[in-house]
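Next comes target10.txt, with compact mmCIF, C-alpha atoms and all ligand atoms.
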```txt
# COMPACT_ATOMS: atom_id res chain seq x y z
CA MET H 1 -8.73 28.55 5.65
CA SER H 2 -11.70 26.22 5.57
CA ASP H 3 -11.23 22.77 7.04
CA SER H 4 -12.61 21.15 3.89
CA LYS H 5 -9.47 22.00 1.89
CA HIS H 6 -7.21 19.14 0.86
CA ILE H 7 -4.06 18.47 2.88
CA GLU H 8 -1.74 19.67 0.07
CA THR H 9 -3.49 23.05 0.21
CA LYS H 10 -3.52 23.18 4.00
CA ALA H 11 0.24 22.48 4.06
CA ILE H 12 0.77 25.72 2.16
CA HIS H 13 -2.05 28.03 3.29
CA SER H 14 -3.54 27.07 6.65
CA GLY H 15 -2.95 29.51 9.48
CA ARG H 16 -1.44 32.06 7.17
CA ILE H 17 -1.38 35.60 8.57
CA ASN H 18 -1.57 38.24 5.87
CA ASP H 19 1.29 40.72 6.04
CA GLU H 20 -0.85 43.83 5.63
CA GLN H 21 2.09 46.22 5.87
CA PHE H 22 4.31 44.84 3.09
CA GLY H 23 2.39 41.99 1.46
CA SER H 24 5.18 39.47 2.00
CA LEU H 25 4.37 36.13 0.33
CA ALA H 26 6.63 34.19 2.70
CA THR H 27 5.67 34.03 6.36
CA PRO H 28 7.22 36.97 8.27
CA LEU H 29 9.73 35.80 10.86
CA TYR H 30 9.12 37.48 14.22
CA GLN H 31 12.53 36.74 15.68
CA THR H 32 11.90 38.48 18.97
CA SER H 33 12.06 37.42 22.58
CA THR H 34 9.55 39.95 23.88
CA PHE H 35 6.71 42.26 22.73
CA ILE H 36 6.29 45.94 23.64
CA PHE H 37 3.11 46.95 25.46
CA ASP H 38 1.46 50.32 24.62
CA ASN H 39 1.22 51.02 28.35
CA ALA H 40 1.41 49.33 31.73
CA GLN H 41 -2.30 48.59 31.83
CA GLN H 42 -2.15 46.77 28.50
CA GLY H 43 0.70 44.61 29.84
CA ALA H 44 -1.27 43.82 32.99
CA ASP H 45 -4.38 43.01 30.93
CA ARG H 46 -2.46 40.64 28.68
CA PHE H 47 -0.98 38.84 31.69
CA ALA H 48 -4.46 38.58 33.21
CA GLY H 49 -5.81 37.12 29.95
CA GLU H 50 -8.16 40.09 29.62
CA ALA H 51 -6.61 41.47 26.43
CA ASP H 52 -5.35 39.75 23.30
CA GLY H 53 -1.76 40.23 22.20
CA TYR H 54 1.65 38.70 22.59
CA ILE H 55 3.74 39.01 25.76
CA TYR H 56 6.95 37.00 25.46
CA SER H 57 8.01 34.30 22.97
CA ARG H 58 8.07 31.48 25.55
CA LEU H 59 4.33 32.12 25.92
CA GLY H 60 3.55 32.62 22.23
CA ASN H 61 4.86 34.18 19.03
CA PRO H 62 3.09 35.08 15.74
CA THR H 63 5.44 32.98 13.54
CA THR H 64 5.09 29.99 15.85
CA ARG H 65 1.33 30.50 15.91
CA GLN H 66 1.12 30.09 12.13
CA LEU H 67 2.95 26.77 12.34
CA GLU H 68 0.59 25.61 15.10
CA MET H 69 -2.52 26.51 13.13
CA ARG H 70 -1.13 24.89 9.99
CA VAL H 71 -0.29 21.54 11.58
CA ALA H 72 -3.56 21.53 13.58
CA ALA H 73 -5.47 21.98 10.30
CA MET H 74 -3.47 19.19 8.67
CA GLU H 75 -4.21 16.81 11.57
CA ASP H 76 -7.83 18.01 11.47
CA MET H 77 -7.58 18.93 15.15
CA GLU H 78 -8.70 22.12 16.86
CA ASP H 79 -5.34 23.48 17.94
CA ALA H 80 -1.64 22.76 18.40
CA ALA H 81 1.33 23.73 20.56
CA ALA H 82 4.77 23.81 18.93
CA THR H 83 7.69 22.63 21.07
CA ALA H 84 11.48 22.87 21.10
CA THR H 85 11.94 19.16 20.26
CA GLY H 86 9.87 16.06 19.68
CA MET H 87 10.66 15.03 23.27
CA GLY H 88 9.29 18.42 24.34
CA ALA H 89 6.02 17.38 22.66
CA VAL H 90 5.98 13.88 24.19
CA SER H 91 6.83 15.17 27.68
CA GLY H 92 4.44 18.14 27.38
CA ALA H 93 1.52 15.86 26.49
CA LEU H 94 2.36 13.30 29.19
CA LEU H 95 3.30 15.63 32.06
CA THR H 96 0.18 17.75 31.60
CA ASN H 97 -2.09 14.74 31.87
CA LEU H 98 -0.36 12.67 34.55
CA SER H 99 0.13 13.28 38.28
CA CYS H 100 1.70 11.30 41.08
CA GLY H 101 -0.32 8.12 41.66
CA ASP H 102 -1.61 7.88 38.08
CA HIS H 103 -1.02 4.95 35.74
CA LEU H 104 0.13 5.12 32.11
CA ILE H 105 -0.10 2.38 29.47
CA SER H 106 2.39 2.49 26.59
CA SER H 107 3.10 0.33 23.56
CA LYS H 108 6.00 -1.94 24.50
CA ALA H 109 8.32 -0.50 21.86
CA VAL H 110 8.56 3.25 21.41
CA TYR H 111 11.34 5.66 20.48
CA GLY H 112 14.24 5.19 22.99
CA CYS H 113 13.96 8.55 24.76
CA SER H 114 10.15 8.25 25.03
CA PHE H 115 10.82 4.92 26.74
CA ALA H 116 13.40 6.58 29.00
CA LEU H 117 11.00 9.42 29.87
CA MET H 118 8.29 6.94 30.87
CA ASN H 119 10.41 4.23 32.45
CA HIS H 120 13.16 6.32 34.06
CA GLN H 121 11.66 9.77 34.73
CA LEU H 122 7.89 9.47 35.24
CA THR H 123 8.40 6.56 37.62
CA ARG H 124 10.59 8.84 39.81
CA TRP H 125 7.56 11.06 40.26
CA GLY H 126 5.24 8.28 41.36
CA ILE H 127 3.64 7.54 38.00
CA GLU H 128 3.15 3.84 37.24
CA VAL H 129 3.86 2.61 33.71
CA SER H 130 2.81 -0.62 31.96
CA PHE H 131 4.30 -1.54 28.58
CA VAL H 132 1.92 -3.81 26.70
CA ASP H 133 1.70 -5.56 23.35
CA MET H 134 -0.73 -3.32 21.49
CA ALA H 135 -0.94 -5.75 18.58
CA ASN H 136 -3.55 -7.35 20.86
CA PRO H 137 -5.92 -4.55 21.87
CA GLU H 138 -7.35 -6.90 24.52
CA GLU H 139 -4.01 -6.59 26.33
CA VAL H 140 -4.54 -2.84 26.48
CA GLU H 141 -7.96 -3.26 28.02
CA ALA H 142 -6.67 -5.90 30.43
CA ALA H 143 -3.93 -3.51 31.64
CA ILE H 144 -6.39 -0.76 32.59
CA LYS H 145 -6.57 0.00 36.32
CA PRO H 146 -8.77 2.45 38.23
CA ASN H 147 -5.90 5.00 38.15
CA THR H 148 -5.10 4.66 34.41
CA LYS H 149 -5.11 8.15 32.92
CA VAL H 150 -3.26 7.89 29.61
CA ILE H 151 -2.64 5.39 26.79
CA PHE H 152 0.42 6.26 24.66
CA LEU H 153 1.51 4.58 21.43
CA GLU H 154 3.43 4.91 18.22
CA THR H 155 2.18 3.31 15.02
CA PRO H 156 4.19 2.32 13.08
CA VAL H 157 6.55 1.75 15.97
CA ASN H 158 10.08 3.13 16.02
CA PRO H 159 12.16 1.07 15.22
CA ASN H 160 10.47 -2.22 14.37
CA LEU H 161 7.53 -0.87 12.32
CA GLU H 162 4.80 -2.79 14.16
CA VAL H 163 1.39 -1.36 13.33
CA TYR H 164 -1.49 -1.09 15.79
CA ASP H 165 -5.24 -0.76 15.29
CA LEU H 166 -6.01 2.87 16.13
CA ALA H 167 -9.78 2.39 15.94
CA ALA H 168 -9.68 -0.48 18.46
CA ILE H 169 -7.36 1.36 20.85
CA GLY H 170 -9.21 4.68 20.48
CA LYS H 171 -12.47 2.89 21.32
CA ILE H 172 -11.03 1.27 24.45
CA ALA H 173 -9.66 4.63 25.64
CA GLN H 174 -13.01 6.36 25.08
CA LYS H 175 -14.95 3.56 26.78
CA HIS H 176 -12.84 3.94 29.92
CA GLY H 177 -12.52 7.75 29.81
CA ILE H 178 -8.74 7.55 29.31
CA ILE H 179 -6.74 10.11 27.30
CA SER H 180 -5.16 8.58 24.21
CA ILE H 181 -1.91 9.97 22.73
CA VAL H 182 -0.44 8.84 19.40
CA ASP H 183 3.05 9.72 18.21
CA ASN H 184 2.42 10.25 14.48
CA THR H 185 6.03 11.09 13.56
CA PHE H 186 6.56 8.17 11.16
CA LEU H 187 3.55 8.82 8.93
CA THR H 188 2.63 12.51 9.36
CA PRO H 189 -0.96 13.72 8.81
CA VAL H 190 -0.43 13.18 5.08
CA LEU H 191 -0.57 9.41 5.60
CA GLN H 192 -2.44 8.99 8.89
CA GLN H 193 -4.79 11.16 10.94
CA PRO H 194 -5.27 9.51 14.35
CA LYS H 195 -8.15 11.83 15.27
CA LYS H 196 -10.36 9.93 12.80
CA TYR H 197 -10.11 6.98 15.18
CA GLY H 198 -11.03 8.85 18.35
CA ILE H 199 -7.45 9.63 19.45
CA ASP H 200 -7.33 12.71 21.72
CA ILE H 201 -3.77 13.98 21.27
CA VAL H 202 -1.27 13.64 18.41
CA VAL H 203 2.42 14.39 18.96
CA HIS H 204 5.20 14.72 16.42
CA SER H 205 8.90 15.03 16.30
CA ALA H 206 8.80 17.87 13.73
CA THR H 207 12.54 17.28 13.40
CA LYS H 208 11.64 14.48 10.99
CA TYR H 209 9.30 14.57 7.98
CA LEU H 210 7.36 17.73 8.92
CA ASN H 211 10.52 19.80 8.54
CA GLY H 212 12.17 17.30 6.24
CA HIS H 213 15.48 19.04 5.67
CA GLY H 214 17.60 17.87 8.59
CA ASP H 215 18.27 21.36 9.93
CA VAL H 216 15.90 21.73 12.89
CA VAL H 217 14.96 19.90 16.10
CA ALA H 218 11.35 20.60 17.06
CA GLY H 219 8.03 19.06 17.99
CA ILE H 220 4.31 19.73 18.02
CA ILE H 221 1.29 18.60 20.03
CA CYS H 222 -2.20 18.65 18.46
CA GLY H 223 -5.50 18.30 20.32
CA SER H 224 -8.69 20.05 21.39
CA SER H 225 -8.52 23.81 22.07
CA GLU H 226 -9.02 23.13 25.77
CA MET H 227 -6.27 20.50 25.94
CA ILE H 228 -3.77 22.65 24.02
CA MET H 229 -4.50 25.71 26.16
CA ASN H 230 -3.94 23.55 29.22
CA ILE H 231 -0.62 22.21 27.90
CA LYS H 232 0.59 25.68 26.88
CA MET H 233 -0.41 27.42 30.08
CA THR H 234 0.99 24.79 32.44
CA VAL H 235 3.83 22.47 31.43
CA LEU H 236 5.07 24.28 28.33
CA LYS H 237 5.00 27.69 29.96
CA ASP H 238 6.60 26.59 33.20
CA ILE H 239 9.04 23.95 31.97
CA GLY H 240 9.79 25.99 28.88
CA ALA H 241 10.13 23.55 25.99
CA THR H 242 8.83 26.14 23.53
CA ILE H 243 10.09 26.39 19.95
CA SER H 244 12.34 29.08 18.50
CA PRO H 245 10.42 31.25 15.96
CA HIS H 246 13.19 30.65 13.44
CA ASP H 247 12.73 26.90 13.70
CA ALA H 248 8.96 27.34 13.31
CA TRP H 249 9.64 29.37 10.17
CA LEU H 250 11.92 26.68 8.72
CA ILE H 251 9.36 23.97 9.42
CA MET H 252 6.67 25.95 7.59
CA ARG H 253 8.99 26.15 4.61
CA GLY H 254 9.45 22.38 4.77
CA LEU H 255 5.74 21.67 5.23
CA LYS H 256 4.84 23.14 1.84
CA THR H 257 6.42 20.14 0.12
CA LEU H 258 5.50 17.50 2.74
CA PRO H 259 2.76 15.80 0.67
CA ILE H 260 4.96 15.40 -2.41
CA ARG H 261 7.98 14.42 -0.32
CA MET H 262 5.94 11.69 1.41
CA GLU H 263 4.94 10.26 -1.97
CA ARG H 264 8.60 9.87 -2.95
CA HIS H 265 9.70 8.58 0.48
CA CYS H 266 6.98 5.91 0.24
CA SER H 267 7.62 4.84 -3.35
CA ASN H 268 11.39 4.66 -2.78
CA ALA H 269 10.92 2.71 0.46
CA GLN H 270 8.49 0.25 -1.14
CA LYS H 271 11.04 -0.59 -3.86
CA LEU H 272 13.87 -0.94 -1.35
CA ALA H 273 11.79 -3.13 0.98
CA GLU H 274 10.83 -5.45 -1.90
CA PHE H 275 14.48 -5.63 -2.98
CA LEU H 276 15.65 -6.42 0.56
CA GLU H 277 12.97 -9.05 1.08
CA GLN H 278 14.10 -11.13 -1.91
CA HIS H 279 17.84 -10.73 -1.16
CA SER H 280 19.62 -13.89 -0.01
CA LYS H 281 21.78 -11.96 2.52
CA VAL H 282 18.71 -10.48 4.26
CA SER H 283 16.89 -12.65 6.77
CA LYS H 284 13.89 -10.45 7.68
CA VAL H 285 12.37 -7.18 6.54
CA TYR H 286 9.95 -5.12 8.61
CA TYR H 287 7.96 -2.74 6.39
CA PRO H 288 4.16 -2.45 6.45
CA GLY H 289 4.08 -2.00 2.68
CA LEU H 290 5.08 -5.68 2.25
CA LYS H 291 2.34 -8.30 1.99
CA SER H 292 4.30 -10.39 4.50
CA HIS H 293 3.94 -7.69 7.21
CA ALA H 294 1.16 -8.07 9.79
CA GLY H 295 0.34 -4.36 9.42
CA ASN H 296 -0.21 -4.61 5.66
CA LYS H 297 -3.97 -4.92 6.18
CA PHE H 298 -4.07 -1.34 7.48
CA ILE H 299 -2.62 0.14 4.26
CA GLY H 300 -5.26 2.08 2.36
CA GLN H 301 -7.34 2.35 5.52
CA GLN H 302 -5.83 3.61 8.78
CA MET H 303 -2.63 4.51 6.93
CA LYS H 304 -2.62 5.71 3.34
CA ALA H 305 0.84 4.23 2.71
CA ALA H 306 3.68 2.64 4.67
CA GLY H 307 6.06 5.62 5.05
CA GLY H 308 9.79 5.88 4.49
CA VAL H 309 11.36 3.84 7.30
CA ILE H 310 12.39 0.19 6.91
CA ALA H 311 13.96 -2.15 9.46
CA PHE H 312 15.71 -5.39 8.57
CA GLU H 313 18.06 -8.08 9.76
CA ILE H 314 20.88 -9.53 7.71
CA ASN H 315 22.34 -13.03 7.60
CA SER H 316 25.35 -12.15 9.67
CA ASP H 317 26.53 -11.50 13.21
CA LEU H 318 26.87 -8.12 14.96
CA ALA H 319 30.35 -7.48 13.56
CA GLY H 320 29.06 -8.28 10.07
CA GLY H 321 26.19 -5.86 10.67
CA SER H 322 28.63 -3.07 11.59
CA GLN H 323 30.72 -3.77 8.51
CA PHE H 324 27.59 -3.74 6.34
CA ILE H 325 26.66 -0.30 7.73
CA ASN H 326 30.21 1.03 7.39
CA ARG H 327 30.35 0.07 3.70
CA MET H 328 27.29 2.17 2.78
CA LYS H 329 28.23 5.13 0.60
CA LEU H 330 25.05 7.05 -0.19
CA PHE H 331 23.31 6.23 3.09
CA SER H 332 24.84 8.33 5.88
CA ILE H 333 25.39 6.62 9.22
CA ALA H 334 23.19 8.82 11.38
CA VAL H 335 20.19 8.70 13.68
CA SER H 336 17.02 10.68 12.85
CA LEU H 337 14.76 10.11 9.86
CA GLY H 338 12.55 11.87 7.38
CA ASP H 339 15.27 13.87 5.67
CA ALA H 340 16.05 14.19 1.96
CA GLU H 341 19.24 12.21 2.65
CA SER H 342 18.96 8.46 3.24
CA LEU H 343 20.18 7.45 6.70
CA ILE H 344 21.17 4.16 8.30
CA GLN H 345 21.56 3.33 11.98
CA HIS H 346 21.66 0.48 14.51
CA PRO H 347 18.77 0.87 17.03
CA ALA H 348 20.21 -1.39 19.76
CA SER H 349 23.36 0.72 20.14
CA MET H 350 21.95 4.08 19.04
CA THR H 351 18.28 5.26 19.08
CA HIS H 352 17.13 2.52 21.48
CA SER H 353 20.18 2.36 23.73
CA PRO H 354 18.14 3.71 26.71
CA TYR H 355 16.59 0.21 26.86
CA THR H 356 18.58 -2.54 28.56
CA GLN H 357 19.17 -5.53 26.30
CA GLU H 358 16.50 -7.47 28.20
CA GLU H 359 13.96 -4.63 27.84
CA ARG H 360 14.77 -4.29 24.15
CA LEU H 361 14.28 -7.96 23.44
CA ALA H 362 10.99 -7.94 25.37
CA ALA H 363 9.93 -5.01 23.21
CA GLY H 364 10.70 -6.90 20.00
CA ILE H 365 13.85 -4.96 19.10
CA SER H 366 16.58 -7.44 18.21
CA ASP H 367 20.27 -6.65 18.57
CA SER H 368 20.78 -7.26 14.87
CA LEU H 369 18.04 -4.89 13.69
CA ILE H 370 19.20 -2.25 11.20
CA ARG H 371 16.98 0.77 10.46
CA ILE H 372 17.06 2.87 7.33
CA SER H 373 15.30 6.13 6.61
CA VAL H 374 14.79 6.17 2.87
CA GLY H 375 15.46 9.59 1.42
CA LEU H 376 14.53 11.36 -1.78
CA GLU H 377 17.49 10.29 -3.91
CA ASN H 378 17.04 8.32 -7.14
CA VAL H 379 15.89 4.85 -6.11
CA GLU H 380 18.29 3.07 -8.50
CA ASP H 381 21.23 4.71 -6.75
CA LEU H 382 19.89 3.65 -3.35
CA LEU H 383 19.36 0.07 -4.55
CA ALA H 384 22.90 -0.03 -5.93
CA ASP H 385 24.30 1.18 -2.62
CA LEU H 386 22.46 -1.51 -0.65
CA GLU H 387 23.48 -4.16 -3.18
CA GLN H 388 27.19 -3.32 -3.10
CA SER H 389 27.28 -3.65 0.68
CA LEU H 390 25.00 -6.71 0.92
CA THR H 391 27.11 -8.59 -1.64
CA LEU H 392 30.15 -8.35 0.60
CA ILE H 393 28.45 -9.86 3.65
CA GLU H 394 30.12 -12.99 4.83
CA VAL H 395 27.32 -15.16 6.12
CA ALA H 396 27.94 -16.13 9.76
CA ALA H 397 28.78 -19.80 10.27
CA ASP H 398 25.68 -20.51 12.35
CA LYS H 399 23.42 -18.91 9.72
CA ARG H 400 25.00 -20.57 6.67
CA ALA H 401 22.72 -23.55 6.87
CA VAL H 402 19.63 -21.40 6.48
CA ALA H 403 21.06 -18.81 4.09
C1 LIG M 501 15.43 8.59 15.82
N1 LIG M 501 13.79 9.88 16.94
O1 LIG M 501 16.43 8.54 15.12
P1 LIG M 501 13.26 14.81 18.93
N2 LIG M 501 9.08 10.40 18.61
C2 LIG M 501 9.62 9.62 17.66
C3 LIG M 501 10.95 9.78 17.30
O2 LIG M 501 11.45 8.99 16.34
C4 LIG M 501 11.74 10.76 17.94
C5 LIG M 501 11.14 11.56 18.92
C6 LIG M 501 9.81 11.36 19.24
C7 LIG M 501 15.10 9.80 16.60
C8 LIG M 501 16.00 10.75 17.00
S1 LIG M 501 17.98 9.52 18.41
C9 LIG M 501 19.03 10.39 19.43
C10 LIG M 501 17.44 10.64 17.12
C11 LIG M 501 8.77 8.57 17.02
C12 LIG M 501 13.19 10.96 17.62
C13 LIG M 501 11.91 12.65 19.62
O3 LIG M 501 13.21 15.29 20.34
O4 LIG M 501 12.86 15.88 17.96
O5 LIG M 501 14.54 14.13 18.61
O6 LIG M 501 12.09 13.73 18.75
O7 LIG M 501 14.61 7.63 15.89
```
Using the file provided, produce a representation of the structure as structure tokens.
Ligand code: 3LM
Amino acid sequence: MSDSKHIETKAIHSGRINDEQFGSLATPLYQTSTFIFDNAQQGADRFAGEADGYIYSRLGNPTTRQLEMRVAAMEDMEDAAATATGMGAVSGALLTNLSCGDHLISSKAVYGCSFALMNHQLTRWGIEVSFVDMANPEEVEAAIKPNTKVIFLETPVNPNLEVYDLAAIGKIAQKHGIISIVDNTFLTPVLQQPKKYGIDIVVHSATKYLNGHGDVVAGIICGSSEMIMNIKMTVLKDIGATISPHDAWLIMRGLKTLPIRMERHCSNAQKLAEFLEQHSKVSKVYYPGLKSHAGNKFIGQQMKAAGGVIAFEINSDLAGGSQFINRMKLFSIAVSLGDAESLIQHPASMTHSPYTQEERLAAGISDSLIRISVGLENVEDLLADLEQSLTLIEVAADKRAVA
């Protein structure tokens, strides 16, 4: 499939292997752990890299390979490595490129387990980590040391939806010969392609929008052919965070509708964010699609649209916040995002609980922040659900004066 095809076409056709035997329209599912060699020499040649062909599904699988080629084409990158989870993708990209004594720079807020991986695990292995405010790219440059090997960021950030300037950060990384990694989970290649801004590696939790149906945990890493080969043949092969072929198959089924799903996620989220922003019981809304958001200037440029995740704070205390969440009917109380179903969760006690309270506040994640993943339901029904629960909020005494 030529690279010049549009993303809607790539989401359906890229990487497709023709089933010459039966002509199956749907991708064949090679649900096998191992592959039979014609003879011992062929097996030895495949292990030595001197003959093409599959060996064992931890090392590669034809169904998985189609997913990798499809997502690589959608990100406009040379190749991809599918992983068992999004954390498998984050850790695969980081562990391959960092060794003891190296330094890593990360955006100060990231998904909770990415923070835990960097702050609790990598530091055990002698890797230094600096968390910086990437809203000021100068802070990124100022944090660079002679041993800085990797810059890692999410944009928009999970959970507070801060947006960073990919072109500015990509340029700094290139100038200093540092590998840049962007977690593109929140926007997907349909809305943002970090490679356009000089970013070297893109990671995804494919659990979210790429799959889109809430029935798989998976991840994917996209990059140059050389980088992906390196990741596959070192960390992924030896640590083993490779994807199940069945999960790869399900994600390919989900991907076919990704572009039209993203349109609906975005239009629903925009309406909900505007509704929340004008509501008297809501004190602050974080959504880049709103004019009031600092990241709004990137819409239509770096990011085609703002995505389907909104964060907000209500005019109440923590108990009031819990009651507000508990009253929701259509929104399920659940972590994760990017599914057809709308979800609501409390980052401080759920997705971002690996941070201490002090670390969370320093990262701009308040205790009262509520995050919603806006699904594909009818927007009027979602608005009505938010309204019924917001109406019942009893404004906390200390907030009454400003409410
Ligand atoms: C969540 N996030 O609800 P998996 N990168 C980003 C993510 O949001 C996530 C990952 C990587 C959530 C998961 S919390 C227990 C549930 C930006 C996951 C990791 O390994 O596929 O979960 O992806 O925010």
Given all atoms listed in the file as the counted atoms, nearest of H:Val216, H:Ile172, H:Ile344, H:Ile370 to H:Pro245: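 Among H:Val216, H:Ile172, H:Ile344, H:Ile370, it is H:Val216 that comes nearest to H:Pro245.
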List all protein, DNA and RNA residues that have at least one atom no more than 9 Å from any atom of ligand LIG 501 (chain M), counting only C-alpha atoms and all ligand atoms, and write them as JSON, numbers by chain. {"H": [84, 85, 86, 87, 88, 89, 90, 110, 111, 112, 113, 114, 154, 155, 156, 157, 158, 159, 183, 184, 185, 186, 203, 204, 205, 206, 207, 208, 216, 217, 218, 219, 334, 335, 336, 337, 345, 347, 350, 351, 352, 373]}
Atom pair atom CA of H:Asn136 / atom CA of H:Pro354: separation (Å):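 Computing the Euclidean distance for atom CA of H:Asn136 and atom CA of H:Pro354 yields 25.0 Å.
Nearest-residue note for H:Ser244: choosing from H:Leu67, H:Ala135, H:Ala273, H:Leu392, the minimum distance belongs to H:Leu67, counting all atoms listed in the file.
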Taking (7.6, -5.9, 6.3) in the coordinates of the supplied file, I want to know which residues reach to within 10 Å of it, counting only C-alpha atoms; could you give the answer as an mmCIF file with C-alpha atoms, keeping the file's coordinate frame?
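Saved to point.cif:
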```
data_model
loop_
_atom_site.group_PDB
_atom_site.id
_atom_site.type_symbol
_atom_site.label_atom_id
_atom_site.label_comp_id
_atom_site.auth_asym_id
_atom_site.auth_seq_id
_atom_site.Cartn_x
_atom_site.Cartn_y
_atom_site.Cartn_z
ATOM 1 C CA ASN H 160 10.470 -2.220 14.370
ATOM 2 C CA LEU H 161 7.530 -0.870 12.320
ATOM 3 C CA GLU H 162 4.800 -2.790 14.160
ATOM 4 C CA GLN H 270 8.490 0.250 -1.140
ATOM 5 C CA ALA H 273 11.790 -3.130 0.980
ATOM 6 C CA GLU H 274 10.830 -5.450 -1.900
ATOM 7 C CA LEU H 276 15.650 -6.420 0.560
ATOM 8 C CA GLU H 277 12.970 -9.050 1.080
ATOM 9 C CA LYS H 284 13.890 -10.450 7.680
ATOM 10 C CA VAL H 285 12.370 -7.180 6.540
ATOM 11 C CA TYR H 286 9.950 -5.120 8.610
ATOM 12 C CA TYR H 287 7.960 -2.740 6.390
ATOM 13 C CA PRO H 288 4.160 -2.450 6.450
ATOM 14 C CA GLY H 289 4.080 -2.000 2.680
ATOM 15 C CA LEU H 290 5.080 -5.680 2.250
ATOM 16 C CA LYS H 291 2.340 -8.300 1.990
ATOM 17 C CA SER H 292 4.300 -10.390 4.500
ATOM 18 C CA HIS H 293 3.940 -7.690 7.210
ATOM 19 C CA ALA H 294 1.160 -8.070 9.790
ATOM 20 C CA GLY H 295 0.340 -4.360 9.420
ATOM 21 C CA ASN H 296 -0.210 -4.610 5.660
ATOM 22 C CA ALA H 306 3.680 2.640 4.670
ATOM 23 C CA ILE H 310 12.390 0.190 6.910
ATOM 24 C CA ALA H 311 13.960 -2.150 9.460
ATOM 25 C CA PHE H 312 15.710 -5.390 8.570
#
```
Counting all atoms listed in the file, which of H:Gln174, H:Thr234, H:Thr34, H:Thr356 gets nearest to H:Asp200?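 The closest residue to H:Asp200 is H:Gln174.
Closest approach to H:Thr188 among H:Glu78, H:Ala340, H:Lys304, H:Asn268: H:Lys304, based on all atoms listed in the file.
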Among the residues H:Asp45, H:Asp76, H:Glu20, H:Asp238, the one that comes closest to H:Arg58 [using only C-alpha atoms]: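 The shortest atom-to-atom distance to H:Arg58 comes from H:Asp238.
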Record the distance separating atom CA of H:Gln121 and atom CA of H:Glu75, expressed in Å with one decimal.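 Answer for the atom CA of H:Gln121 to atom CA of H:Glu75 separation: 28.9 Å.
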Within 12 Å of (7.0, 4.6, -3.4) in the file's own coordinates, which protein, DNA or RNA residues have an atom, counting only C-alpha atoms? List them as number ranges by chain. H: 260-274, 289-290, 304-309, 374-379
May I ask for the distance between atom CA of H:Ile179 and atom CA of H:Ala48, given in Å to one decimal place? 29.2 Å
When you look at H:Ile151 with a cut-off of 12 Å (counting all atoms listed in the file), what residues show up, excluding the ones that are within fewer than 6 positions of it in the same chain? I need them as a PyMOL selection string. chain H and resi 93-94+97-98+102-108+118+129-132+134+137+140-141+143-145+166+169-174+176-183+199-202
